[in-house]
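Single-structure report; data block below.
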Amino acid sequence: MLRSGTAVEIMDRDSATNNLAENNDESSTVLDNYYSVQFSLSRMDPAYLFKLRDISSNGLCILVKQNSTVFRHLNEGDILDMEYNPTESSAPTKILKTQVTSKNCYDHFKGHSLVELKIIDK
């Protein structure tokens, strides 16, 4: 006989698995079409260019130096207009509203963090 807490835990785990699969599907689709992303923190700031990566378990991300200006100014929850640059040079760029979902240390590259992204406007 299952306790009700156990059934809820199983449902939560299944939900988390489904969300991970959706994030990975979205990341794969974006990475199939776009190679990099660029954005400015304000109109007066330069544009920053980053290669898009799919090395986070939560999906799409960029790798940013922890001691950089852009890293210090990006915060979880920020929503930015990011310009996605296509893998095909003849294809047009696309500006999409993108949310910074987290900033996490990345052990594989000393002094860098993964900045996880989520496209909120397609």
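Each chain in the structure tokens gets a letter, A, B, ..., in the order shown, and its residues are numbered from 1; ligands are numbered from 1 in order too.
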Hey, could you make a per-residue contact list for stretch 43-71 of chain A against stretch 85-104 of chain A with 10 Å as the cut-off, showing the nearest pair of atoms and its distance in Å to one decimal, counting only C-alpha atoms, sorted by chain and number, as CSV?
```
residue,atom,partner,partner_atom,distance
A:Leu49,CA,A:Asn85,CA,9.6
A:Phe50,CA,A:Asn85,CA,10.0
A:Lys51,CA,A:Asn85,CA,9.4
A:Leu52,CA,A:Asn85,CA,9.6
A:Ser56,CA,A:Asn104,CA,9.6
A:Asn58,CA,A:Thr101,CA,9.3
A:Leu60,CA,A:Thr101,CA,10.0
A:Cys61,CA,A:Val100,CA,9.0
A:Ile62,CA,A:Lys103,CA,9.7
A:Leu63,CA,A:Lys103,CA,9.6
A:Val64,CA,A:Lys103,CA,9.3
A:Gln66,CA,A:Lys103,CA,9.7
A:Phe71,CA,A:Lys103,CA,8.7
```
Taking C-alpha atoms for each residue, export the selection above as an mmCIF file, in the first residue's frame.
```cif
data_model
loop_
_atom_site.group_PDB
_atom_site.id
_atom_site.type_symbol
_atom_site.label_atom_id
_atom_site.label_comp_id
_atom_site.auth_asym_id
_atom_site.auth_seq_id
_atom_site.Cartn_x
_atom_site.Cartn_y
_atom_site.Cartn_z
ATOM 1 C CA LEU A 49 28.607 38.227 -27.452
ATOM 2 C CA PHE A 50 28.480 34.675 -26.066
ATOM 3 C CA LYS A 51 28.403 31.220 -27.595
ATOM 4 C CA LEU A 52 25.193 29.367 -26.691
ATOM 5 C CA SER A 56 23.481 22.724 -18.031
ATOM 6 C CA ASN A 58 18.367 23.007 -16.998
ATOM 7 C CA LEU A 60 20.289 26.715 -22.540
ATOM 8 C CA CYS A 61 23.186 28.691 -21.044
ATOM 9 C CA ILE A 62 26.217 30.878 -21.655
ATOM 10 C CA LEU A 63 29.628 30.679 -19.978
ATOM 11 C CA VAL A 64 30.676 33.983 -18.361
ATOM 12 C CA GLN A 66 32.971 35.637 -12.841
ATOM 13 C CA PHE A 71 28.550 38.837 -14.816
#
```
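When the distance limit is 8 Å and only C-alpha atoms are what count, the residues near A:His112, minus those fewer than 2 positions from it on the same chain, are Leu63, Val64, Lys65, Gln66, Cys105, Tyr106, Asp107, Phe109, Lys110 and Leu114 of chain A.
Atom CA of A:Ile79 to atom CA of A:Tyr35 spans 20.1 Å [interatomic distance, one decimal].
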Give me every helix (DSSP H, G or I) residue in stretch 66-113 of chain A, going by DSSP on the backbone, as a PDB file with C-alpha atoms, in the first residue's frame.
```
ATOM      1  CA  THR A  69      31.332  43.485 -15.676  1.00  0.00           C
ATOM      2  CA  VAL A  70      28.556  41.614 -17.439  1.00  0.00           C
ATOM      3  CA  PHE A  71      28.550  38.837 -14.816  1.00  0.00           C
ATOM      4  CA  ARG A  72      28.298  41.321 -11.958  1.00  0.00           C
ATOM      5  CA  HIS A  73      25.357  43.106 -13.598  1.00  0.00           C
TER       6      HIS A  73
END
```
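Picture a line from atom CA of A:Asn33 to atom CA of A:Met82; it runs 14.7 Å.
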